[in-house]
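What follows is the content of structure.txt (compact mmCIF, C-alpha atoms and all ligand atoms).
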# COMPACT_ATOMS: atom_id res chain seq x y z
CA MET A 20 12.29 89.69 123.99
CA SER A 21 14.48 89.68 127.09
CA ARG A 22 14.12 92.36 129.61
CA ALA A 23 16.53 93.81 132.04
CA GLY A 24 13.99 93.08 134.72
CA VAL A 25 10.55 94.42 135.69
CA THR A 26 10.72 98.08 136.81
CA ILE A 27 8.42 100.06 138.95
CA LEU A 28 7.20 101.96 135.88
CA ASP A 29 6.20 98.67 134.24
CA VAL A 30 4.23 97.78 137.33
CA GLU A 31 2.56 101.27 137.43
CA GLN A 32 1.46 100.96 133.75
CA ALA A 33 0.02 97.52 134.42
CA ILE A 34 -1.83 98.93 137.44
CA PHE A 35 -3.33 101.73 135.27
CA LYS A 36 -4.32 99.25 132.61
CA LEU A 37 -6.00 96.97 135.17
CA GLN A 38 -7.73 99.93 136.81
CA GLY A 39 -8.93 101.14 133.37
CA ARG A 40 -10.59 97.76 132.91
CA GLY A 41 -12.13 97.91 136.35
CA LYS A 42 -10.01 95.15 137.75
CA ASN A 43 -8.10 94.96 141.00
CA PRO A 44 -4.35 95.33 140.50
CA SER A 45 -3.14 92.28 142.43
CA VAL A 46 0.33 90.82 142.11
CA ASP A 47 -1.00 87.94 139.96
CA ALA A 48 -3.11 90.29 137.79
CA ILE A 49 -0.10 92.60 137.26
CA ARG A 50 2.12 89.62 136.41
CA GLU A 51 -0.51 88.37 133.96
CA ALA A 52 -0.74 91.83 132.40
CA LEU A 53 3.04 92.09 132.16
CA GLY A 54 3.48 88.51 131.00
CA THR A 55 6.76 88.24 132.98
CA GLY A 56 8.56 88.98 136.24
CA SER A 57 8.92 87.28 139.55
CA LYS A 58 6.08 87.63 142.05
CA SER A 59 8.40 88.89 144.77
CA THR A 60 9.78 91.69 142.58
CA ILE A 61 6.29 92.69 141.39
CA ALA A 62 5.02 92.58 145.06
CA GLN A 63 7.87 94.86 146.18
CA HIS A 64 7.21 97.38 143.30
CA LEU A 65 3.45 97.28 144.16
CA ARG A 66 4.16 98.12 147.79
CA ASP A 67 6.55 100.95 146.76
CA TRP A 68 3.97 102.36 144.29
CA LYS A 69 1.18 102.19 146.94
CA ALA A 70 3.44 103.98 149.41
CA GLN A 71 4.03 106.79 146.86
CA GLN A 72 0.27 107.26 146.40
CA PRO A 73 -0.98 110.02 148.73
CA GLY A 74 -3.80 108.63 150.74
CA GLY A 75 -3.97 105.44 148.75
CA PRO A 76 -5.46 104.71 145.34
CA GLN A 77 -9.02 105.31 146.21
CA GLY A 78 -8.27 108.22 148.59
CA LYS A 79 -8.68 111.27 146.31
CA LEU A 80 -10.84 110.54 143.08
CA PRO A 81 -14.50 109.71 143.27
CA GLN A 82 -15.41 106.16 142.15
CA ASP A 83 -17.63 107.33 139.21
CA LEU A 84 -14.96 109.51 137.68
CA LEU A 85 -12.48 106.84 138.19
CA GLY A 86 -14.78 104.40 136.42
CA LEU A 87 -15.34 106.92 133.59
CA VAL A 88 -11.67 107.58 133.18
CA SER A 89 -11.00 103.87 133.30
CA GLY A 90 -13.65 103.20 130.65
CA LEU A 91 -12.26 106.00 128.50
CA TRP A 92 -8.76 104.63 128.91
CA GLU A 93 -10.05 101.22 128.11
CA ARG A 94 -11.71 102.42 124.84
CA LEU A 95 -8.70 104.52 123.86
CA SER A 96 -6.38 101.64 124.58
CA LEU A 97 -8.59 99.31 122.61
CA LYS A 98 -8.79 101.72 119.68
CA ALA A 99 -5.06 102.29 119.87
CA GLU A 100 -4.44 98.55 119.93
CA GLN A 101 -6.85 98.06 116.99
CA ARG A 102 -5.14 100.87 115.13
CA ILE A 103 -1.72 99.41 115.91
CA GLN A 104 -2.95 96.01 114.85
CA GLU A 105 -4.28 97.47 111.59
CA ILE A 106 -1.05 99.28 110.96
CA GLU A 107 0.86 96.18 111.88
CA GLU A 108 -1.27 94.11 109.51
CA THR A 109 -0.92 96.64 106.74
CA SER A 110 2.82 96.84 107.36
CA SER A 111 2.99 93.11 107.51
CA GLN A 112 1.09 92.86 104.20
CA ARG A 113 3.32 95.52 102.60
CA GLU A 114 6.37 93.83 103.98
CA LEU A 115 5.13 90.56 102.60
CA ALA A 116 4.43 92.17 99.22
CA LEU A 117 7.83 93.86 99.25
CA LYS A 118 9.48 90.61 100.23
CA GLN A 119 7.66 88.90 97.41
CA THR A 120 8.74 91.67 94.99
CA LEU A 121 12.26 91.50 96.36
CA ALA A 122 12.28 87.76 95.94
CA GLU A 123 11.00 88.17 92.41
CA LEU A 124 13.60 90.84 91.73
CA GLN A 125 16.28 88.62 93.21
CA GLN A 126 15.07 85.74 91.11
CA ASN A 127 15.06 88.04 88.08
CA HIS A 128 18.52 89.23 89.01
CA LEU A 129 19.71 85.66 89.38
CA ARG A 130 18.09 84.72 86.10
CA LEU A 131 19.64 87.73 84.37
CA GLN A 132 23.01 87.00 85.93
CA LYS A 133 22.68 83.43 84.78
CA GLN A 134 21.71 84.64 81.30
CA LEU A 135 24.61 87.12 81.37
CA HIS A 136 26.94 84.36 82.43
CA GLN A 137 25.55 82.09 79.74
CA SER A 138 25.89 84.94 77.23
CA GLU A 139 29.45 85.58 78.36
CA GLU A 140 30.22 81.88 78.08
CA ALA A 141 28.54 81.78 74.69
CA GLU A 142 30.48 84.86 73.63
CA ALA A 143 33.72 83.28 74.86
CA THR A 144 32.84 80.12 72.99
CA LEU A 145 31.98 82.17 69.91
CA THR A 146 35.26 84.09 70.23
CA VAL A 147 37.16 80.82 70.39
CA VAL A 148 35.13 79.49 67.47
CA LYS A 149 35.73 82.74 65.58
CA GLU A 150 39.47 82.61 66.23
CA THR A 151 39.53 78.95 65.23
CA LEU A 152 37.57 79.80 62.08
CA GLU A 153 39.89 82.71 61.34
CA ILE A 154 42.91 80.45 61.76
CA ASN A 155 41.19 77.87 59.56
CA LEU A 156 40.36 80.58 57.03
CA ARG A 157 43.97 81.79 56.96
CA THR A 158 45.17 78.21 56.64
CA GLN A 159 42.64 77.62 53.86
CA GLN A 160 43.70 80.83 52.12
CA GLN A 161 47.36 79.84 52.37
CA GLU A 162 46.48 76.38 51.14
CA HIS A 163 44.47 77.95 48.31
CA VAL A 164 47.41 80.17 47.33
CA ARG A 165 49.74 77.17 47.56
CA LEU A 166 47.37 75.11 45.38
CA ILE A 167 47.15 77.93 42.81
CA GLU A 168 50.95 78.11 42.73
CA ARG A 169 51.18 74.34 42.46
CA ASP A 170 48.56 74.42 39.72
CA LEU A 171 50.62 76.99 37.82
CA VAL A 172 53.75 74.89 38.24
CA THR A 173 51.83 71.80 37.16
CA GLN A 174 50.49 73.62 34.10
CA GLN A 175 53.99 74.80 33.23
CA GLN A 176 55.26 71.26 33.69
CA LEU A 177 52.42 70.02 31.52
CA GLU A 178 53.31 72.53 28.80
CA SER A 179 57.00 71.57 29.07
CA GLN A 180 56.02 67.91 28.91
CA LYS A 181 53.89 68.57 25.82
CA THR A 182 56.77 70.41 24.16
CA GLU A 183 59.16 67.64 25.20
CA ASN A 184 56.74 65.01 23.89
CA ALA A 185 56.46 66.86 20.58
CA ARG A 186 60.26 67.14 20.47
CA LEU A 187 60.66 63.42 21.26
CA HIS A 188 58.02 62.58 18.66
CA GLN A 189 59.86 64.69 16.10
CA LEU A 190 63.13 63.11 17.22
CA ALA A 191 61.63 59.64 16.79
CA ASN A 192 60.45 60.63 13.30
CA ASN A 193 63.88 62.03 12.52
CA ILE A 194 65.54 58.87 13.86
CA GLN A 195 63.18 56.77 11.73
CA ALA A 196 63.94 58.93 8.68
CA ASN A 197 67.65 58.90 9.52
CA LEU A 198 67.54 55.13 9.93
CA GLU A 199 65.96 54.72 6.50
CA HIS A 200 68.40 57.26 5.11
CA TYR A 201 71.24 55.44 6.89
CA GLN A 202 70.16 52.10 5.45
CA GLN A 203 70.04 53.67 1.98
CA ALA A 204 73.42 55.31 2.65
CA VAL A 205 74.90 51.98 3.76
CA GLN A 206 73.63 50.34 0.58
CA GLN A 207 74.94 53.26 -1.48
CA LEU A 208 78.25 53.12 0.40
CA GLN A 209 78.56 49.39 -0.33
CA THR A 210 77.81 50.07 -4.00
CA GLU A 211 80.31 52.96 -4.00
CA GLN A 212 82.92 50.75 -2.31
CA HIS A 213 82.50 48.19 -5.09
CA LEU A 214 82.77 50.99 -7.64
CA ALA A 215 85.80 52.45 -5.82
CA ILE A 216 87.54 49.09 -5.94
CA GLU A 217 86.78 48.80 -9.64
CA LYS A 218 87.91 52.40 -10.16
CA GLN A 219 91.11 51.71 -8.23
CA HIS A 220 91.83 48.79 -10.57
CA ALA A 221 91.08 51.00 -13.57
CA ARG A 222 93.22 53.83 -12.11
CA GLU A 223 96.16 51.50 -11.64
CA ASP A 224 95.90 50.67 -15.35
CA THR A 225 95.51 54.36 -16.27
CA ASP A 226 98.44 55.46 -14.09
CA GLU A 227 100.58 53.11 -16.07
CA LEU A 228 99.41 54.84 -19.28
CA ASP A 229 99.89 58.36 -17.81
CA ARG A 230 103.49 57.57 -16.89
CA GLU A 231 104.00 56.40 -20.43
CA CYS A 232 102.38 59.63 -21.69
CA LEU A 233 104.66 61.82 -19.56
CA LYS A 234 107.69 59.89 -20.75
CA LYS A 235 106.60 60.47 -24.35
CA MET A 236 106.25 64.25 -23.75
CA ILE A 237 109.97 64.61 -23.05
CA PRO A 238 112.01 63.58 -26.08
CA ASP A 239 115.04 61.35 -25.81
CA SER A 240 118.31 63.31 -25.89
CA TYR A 241 119.33 62.09 -29.32
CA ASP A 242 115.92 62.35 -30.97
CA PRO A 243 115.37 65.27 -33.37
CA CYS A 244 114.41 68.39 -31.44
CA PRO A 245 110.58 69.01 -31.46
CA CYS A 246 111.27 72.62 -32.56
CA ALA A 247 112.10 71.29 -36.06
CA SER A 248 115.57 72.89 -35.99
CA GLU A 249 116.87 69.55 -37.36
CA LYS A 250 119.32 69.47 -34.41
CA LYS A 251 119.37 66.70 -31.77
CA TYR A 252 117.23 67.58 -28.81
CA LYS A 253 120.27 67.41 -26.46
CA PHE A 254 122.06 70.15 -28.42
CA CYS A 255 119.00 72.35 -28.99
CA CYS A 256 116.04 73.03 -26.71
CA LYS A 257 117.05 70.59 -23.93
CA LYS A 258 119.48 73.30 -22.74
CA VAL A 259 116.58 75.57 -21.77
CA PHE A 260 114.06 72.85 -20.85
CA SER A 261 113.81 73.90 -17.19
CA GLU A 262 113.65 77.69 -17.97
CA ILE A 263 110.88 77.13 -20.53
CA MET A 264 108.92 74.86 -18.11
CA GLU A 265 109.24 77.48 -15.31
CA ALA A 266 108.06 80.24 -17.71
CA MET A 267 105.01 78.16 -18.78
CA ILE A 268 104.07 77.32 -15.16
CA ALA A 269 104.44 80.97 -13.99
CA ALA A 270 102.35 82.22 -16.96
CA GLU A 271 99.63 79.68 -16.21
CA GLU A 272 99.63 80.86 -12.57
CA GLY A 273 99.26 84.50 -13.71
CA ASP A 274 102.76 85.53 -12.64
CA TYR A 275 103.73 87.09 -16.02
CA THR A 276 106.72 89.05 -14.60
CA SER A 277 108.36 85.82 -13.43
CA ALA A 278 107.39 84.09 -16.67
CA LEU A 279 109.13 86.78 -18.76
CA LYS A 280 112.20 86.60 -16.45
CA TRP A 281 112.44 82.86 -17.19
CA ILE A 282 112.12 83.61 -20.94
CA ASP A 283 115.00 86.14 -20.60
CA LYS A 284 117.06 83.48 -18.82
CA ALA A 285 116.38 81.04 -21.69
CA LYS A 286 117.42 83.72 -24.19
CA SER A 287 120.65 84.25 -22.18
CA VAL A 288 121.40 80.52 -22.63
CA VAL A 289 120.43 79.81 -26.27
CA GLY A 290 119.64 83.26 -27.75
CA GLU A 291 116.40 84.25 -29.49
CA THR A 292 115.60 80.90 -31.03
CA ALA A 293 112.25 80.20 -32.69
CA GLU A 294 111.31 78.00 -29.72
CA VAL A 295 112.07 80.69 -27.12
CA ILE A 296 110.22 83.38 -29.13
CA CYS A 297 107.25 80.99 -29.57
CA ARG A 298 107.20 80.45 -25.79
CA GLU A 299 107.41 84.21 -25.22
CA SER A 300 104.37 84.56 -27.53
CA ILE A 301 102.52 82.05 -25.36
CA VAL A 302 103.30 84.13 -22.19
CA TYR A 303 101.99 87.34 -23.89
CA SER A 304 98.88 85.54 -25.15
CA TYR A 305 97.56 85.70 -21.56
CA PHE A 306 97.54 89.53 -21.43
CA ASP A 307 98.63 91.14 -24.74
CA GLY A 308 97.16 89.52 -27.89
CA LYS A 309 98.87 91.89 -30.37
CA LYS A 310 102.33 91.40 -28.88
CA SER A 311 101.64 87.65 -28.85
CA ASN A 312 100.77 87.67 -32.58
CA ASP A 313 103.86 89.79 -33.40
CA LEU A 314 106.06 87.31 -31.52
CA LEU A 315 104.44 84.38 -33.34
CA ALA A 316 105.20 86.03 -36.67
CA GLN A 317 108.78 86.66 -35.49
CA CYS A 318 109.05 82.97 -34.53
CA LEU A 319 107.95 81.87 -38.04
CA SER A 320 110.34 84.36 -39.67
CA ILE A 321 113.16 82.67 -37.72
CA ASN A 322 111.92 79.15 -38.61
CA PRO A 323 108.93 78.93 -41.01
CA ASN A 324 108.57 75.22 -40.12
CA HIS A 325 108.27 75.73 -36.34
CA PRO A 326 105.49 73.17 -35.60
CA ARG A 327 104.28 74.68 -32.33
CA ALA A 328 103.77 78.09 -34.01
CA HIS A 329 101.56 76.47 -36.68
CA TYR A 330 99.72 74.55 -33.97
CA LEU A 331 99.07 77.79 -31.98
CA ILE A 332 97.81 79.51 -35.17
CA GLY A 333 95.44 76.53 -35.64
CA LEU A 334 94.06 77.03 -32.08
CA MET A 335 93.46 80.76 -32.71
CA LEU A 336 91.77 80.20 -36.12
CA LYS A 337 89.54 77.48 -34.68
CA GLN A 338 88.51 79.83 -31.89
CA SER A 339 87.75 82.63 -34.38
CA GLY A 340 85.54 80.23 -36.38
CA ASP A 341 87.95 79.73 -39.33
CA ILE A 342 87.72 75.94 -39.40
CA GLU A 343 89.36 75.56 -42.80
CA GLY A 344 92.31 77.79 -41.73
CA ALA A 345 92.60 75.81 -38.50
CA VAL A 346 92.70 72.49 -40.41
CA THR A 347 95.47 73.84 -42.68
CA ALA A 348 97.49 75.13 -39.67
CA TYR A 349 97.14 71.81 -37.75
CA GLN A 350 98.17 69.89 -40.88
CA ALA A 351 101.29 72.15 -41.20
CA ALA A 352 102.18 71.45 -37.54
CA ILE A 353 101.76 67.69 -38.13
CA ARG A 354 104.01 67.85 -41.18
CA HIS A 355 106.86 69.49 -39.26
CA TYR A 356 106.80 67.68 -35.87
CA PRO A 357 109.54 65.00 -35.88
CA PRO A 358 107.96 61.49 -36.14
CA THR A 359 109.51 60.67 -32.76
CA ASP A 360 107.53 63.49 -31.04
CA VAL A 361 104.48 61.27 -30.54
CA PHE A 362 103.11 63.47 -27.74
CA HIS A 363 102.77 66.59 -29.91
CA LEU A 364 101.64 64.62 -32.97
CA ASN A 365 98.87 63.08 -30.86
CA GLU A 366 97.89 66.56 -29.63
CA ALA A 367 97.85 68.01 -33.18
CA TYR A 368 95.84 65.11 -34.64
CA ASN A 369 93.37 65.31 -31.79
CA ASN A 370 92.71 69.00 -32.53
CA LEU A 371 92.60 68.30 -36.27
CA GLY A 372 89.88 65.70 -35.58
CA SER A 373 87.91 68.25 -33.55
CA ALA A 374 88.23 70.84 -36.35
CA PHE A 375 86.98 68.31 -38.94
CA TYR A 376 84.12 67.31 -36.66
CA THR A 377 83.11 70.95 -36.13
CA GLY A 378 83.24 71.45 -39.90
CA GLY A 379 80.87 68.47 -40.37
CA ASN A 380 83.54 66.19 -41.82
CA ILE A 381 82.86 63.16 -39.63
CA GLU A 382 84.94 60.61 -41.58
CA GLU A 383 88.03 62.85 -41.56
CA ALA A 384 87.43 63.53 -37.86
CA LYS A 385 87.30 59.78 -37.12
CA SER A 386 90.44 59.20 -39.17
CA ALA A 387 92.32 62.05 -37.39
CA TRP A 388 91.32 60.84 -33.90
CA GLU A 389 92.34 57.25 -34.77
CA LYS A 390 95.77 58.52 -35.85
CA ALA A 391 96.01 60.48 -32.58
CA LEU A 392 95.43 57.20 -30.72
CA LEU A 393 98.08 55.44 -32.76
CA TYR A 394 100.67 57.94 -31.49
CA LEU A 395 99.42 57.82 -27.88
CA PRO A 396 97.15 54.81 -27.17
CA SER A 397 96.69 55.96 -23.54
CA ASP A 398 95.13 59.32 -24.61
CA LYS A 399 91.78 59.43 -22.77
CA THR A 400 90.52 62.62 -24.43
CA THR A 401 90.76 61.11 -27.88
CA ARG A 402 89.20 57.83 -26.71
CA ARG A 403 86.31 59.84 -25.27
CA ASN A 404 85.93 61.87 -28.49
CA LEU A 405 85.81 58.69 -30.55
CA ALA A 406 83.35 57.02 -28.22
CA GLU A 407 81.07 60.04 -27.81
CA PHE A 408 81.03 61.58 -31.28
CA ILE A 409 81.73 58.65 -33.60
CA HIS A 410 80.57 55.31 -32.15
CA ASN A 411 77.57 56.61 -30.21
CA ARG A 412 76.60 58.70 -33.24
CA LYS A 413 76.67 55.57 -35.45
CA ILE A 414 74.56 53.65 -32.97
CA GLY A 415 72.22 56.60 -32.77
ZN ZN B 501 114.98 72.83 -30.63
Step by step, read the file and then write its structure as structure tokens.
Ligand SMILES: [Zn+2]
Amino acid sequence: MSRAGVTILDVEQAIFKLQGRGKNPSVDAIREALGTGSKSTIAQHLRDWKAQQPGGPQGKLPQDLLGLVSGLWERLSLKAEQRIQEIEETSSQRELALKQTLAELQQNHLRLQKQLHQSEEAEATLTVVKETLEINLRTQQQEHVRLIERDLVTQQQLESQKTENARLHQLANNIQANLEHYQQAVQQLQTEQHLAIEKQHAREDTDELDRECLKKMIPDSYDPCPCASEKKYKFCCKKVFSEIMEAMIAAEEGDYTSALKWIDKAKSVVGETAEVICRESIVYSYFDGKKSNDLLAQCLSINPNHPRAHYLIGLMLKQSGDIEGAVTAYQAAIRHYPPTDVFHLNEAYNNLGSAFYTGGNIEEAKSAWEKALLYLPSDKTTRRNLAEFIHNRKIG
């Protein structure tokens, strides 16, 4: 501890202390008691103090009292010093204990701070980890959703593929079946082509016969007229050939008004001949049976030999089940057709054959059909009748 310098009061206290101990307060003793100060300064203060003392230090108090007071001072000082020392020791111990506690507290504080710091770091790390995990979780969830969607799409594709496979399988089966069918069809087509070629050859032959047939249907101009009027065809029914043909075609097509108009036209050309009345009867036969029969009777009253009228009566009787009457009527028609009218003779014989056959007269039927063929060798119906009902029957 530095001092501002030894004062006179310091010197006086040292003097009292030395006197209390029974010692002489010399400059050296005072300096020793003070522990500091220059000798010259202390000597000067000692001289000043002595000068202030009235009559000198030992001038007033008796030596015994002085000794007693000094002893008392000494004991008090000693006790005070001991007490101070005790207090100082106690304080020092408390201070030491407090310092130790403080140090411990500081250490604890440091440790806690460190732990706090570590915790904060750990928390920060955990936060980062948590965020990372959350991001990962979201990514995983998105990926999961994406995978579910892809799975759905894949399943749909799988289903489509299955359906497509089934369709292709079916298609392959169909193609296989079609191929077999196609092969069969090709074979059939080849067979049919051969048949068609053969048919074509046959048709060429038949066409020849049909032309002949058609030619036979229309009489030559100077042949006897097929109406059995005993006139030449040219001067009889040939005059109304086209009107009668138009009337027949219109009646067949159901246009009876037009048909009757054509009949009227024919009448305007040749009058009410048996042929025209017979044709008029045919037109009415489509829609008025009574009128038709009346006209047929009128036709026969004009010309009892009119072959077509007998032929028509044969058709009606056959249809009504009067086979015998039909045979008689057909035979009358055959008798009156001119021998040159091969077309109508063929037709009448053909029906006569059918009537015989229906009546169970097979031999007469065969004979009638053979005569029909003599008049018109190209007649397919008669050929078929002969083949089917006569020859096959014999074989059977
Ligand atoms: Zn005629």
Contact residues around Ser320 (chain A) with only C-alpha atoms at 12 Å, ignoring same-chain residues under 2 positions, as a VMD selection string: chain A and resid 291 to 294 296 to 297 313 to 318 322 to 325 328
Given a cut-off of 9 Å, what residues near ligand ZN 501 (chain B) show up using only C-alpha atoms and all ligand atoms, put as a ChimeraX atom specification? /A:243-257,292-294
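With distances restricted to only C-alpha atoms, A:Tyr368 is the closest residue to Glu389 (chain A) from A:Trp281, A:Phe362, A:Phe408, A:Tyr368.
A straight line drawn from CA of Val88 (chain A) to CA of Glu31 (chain A) is 16.1 Å long.
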Go ahead and find all residues with at least one atom no further than 12 Å from (6.5, 92.7, 145.5) in the file's coordinates, using only C-alpha atoms; report them as number ranges by chain. A: 25-27, 30, 45-47, 49-50, 56-69
Suppose you want the space between CA of Met335 (chain A) and CA of Lys258 (chain A); what is it in Å?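 CA of Lys258 (chain A) lies 28.8 Å from CA of Met335 (chain A).
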Judged by all atoms listed in the file, the minimum distance to Ala384 (chain A) among A:Val346, A:Pro396, A:Arg165, A:Leu53 is found for A:Val346
Do you have the CA of His410 (chain A)-CA of Gly340 (chain A) distance handy?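 Result for CA of His410 (chain A) versus CA of Gly340 (chain A): 25.8 Å, one decimal.
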Hey, could you patch up region 260-280 of chain A with N, CA and C atoms and hand it over as a compact mmCIF listing (two decimals), in the coordinates of the input?
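Generated output (selection17.txt):
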# COMPACT_ATOMS: atom_id res chain seq x y z
N PHE A 260 115.28 73.58 -21.23
CA PHE A 260 114.06 72.85 -20.85
C PHE A 260 113.47 73.37 -19.54
N SER A 261 114.34 73.49 -18.51
CA SER A 261 113.81 73.90 -17.19
C SER A 261 113.33 75.35 -17.21
N GLU A 262 114.08 76.28 -17.91
CA GLU A 262 113.65 77.69 -17.97
C GLU A 262 112.28 77.81 -18.66
N ILE A 263 112.16 77.07 -19.80
CA ILE A 263 110.88 77.13 -20.53
C ILE A 263 109.73 76.57 -19.69
N MET A 264 109.97 75.45 -18.97
CA MET A 264 108.92 74.86 -18.11
C MET A 264 108.52 75.85 -17.01
N GLU A 265 109.52 76.50 -16.37
CA GLU A 265 109.24 77.48 -15.31
C GLU A 265 108.41 78.64 -15.86
N ALA A 266 108.79 79.12 -17.09
CA ALA A 266 108.06 80.24 -17.71
C ALA A 266 106.60 79.85 -17.96
N MET A 267 106.38 78.62 -18.47
CA MET A 267 105.01 78.16 -18.78
C MET A 267 104.17 78.05 -17.49
N ILE A 268 104.80 77.49 -16.44
CA ILE A 268 104.07 77.32 -15.16
C ILE A 268 103.72 78.68 -14.56
N ALA A 269 104.70 79.63 -14.56
CA ALA A 269 104.44 80.97 -13.99
C ALA A 269 103.34 81.68 -14.78
N ALA A 270 103.37 81.56 -16.15
CA ALA A 270 102.35 82.22 -16.96
C ALA A 270 100.96 81.65 -16.65
N GLU A 271 100.91 80.33 -16.51
CA GLU A 271 99.63 79.68 -16.21
C GLU A 271 99.10 80.12 -14.85
N GLU A 272 100.04 80.42 -13.91
CA GLU A 272 99.63 80.86 -12.57
C GLU A 272 99.36 82.36 -12.53
N GLY A 273 99.55 83.06 -13.67
CA GLY A 273 99.26 84.50 -13.71
C GLY A 273 100.43 85.37 -13.31
N ASP A 274 101.58 84.76 -13.04
CA ASP A 274 102.76 85.53 -12.64
C ASP A 274 103.60 85.84 -13.89
N TYR A 275 103.12 86.83 -14.71
CA TYR A 275 103.73 87.09 -16.02
C TYR A 275 105.14 87.69 -15.89
N THR A 276 105.38 88.48 -14.82
CA THR A 276 106.72 89.05 -14.60
C THR A 276 107.75 87.93 -14.47
N SER A 277 107.43 86.94 -13.61
CA SER A 277 108.36 85.82 -13.43
C SER A 277 108.50 85.04 -14.72
N ALA A 278 107.35 84.85 -15.42
CA ALA A 278 107.39 84.09 -16.67
C ALA A 278 108.36 84.73 -17.66
N LEU A 279 108.25 86.07 -17.82
CA LEU A 279 109.13 86.78 -18.76
C LEU A 279 110.59 86.73 -18.32
N LYS A 280 110.82 86.73 -16.96
CA LYS A 280 112.20 86.60 -16.45
C LYS A 280 112.80 85.27 -16.86
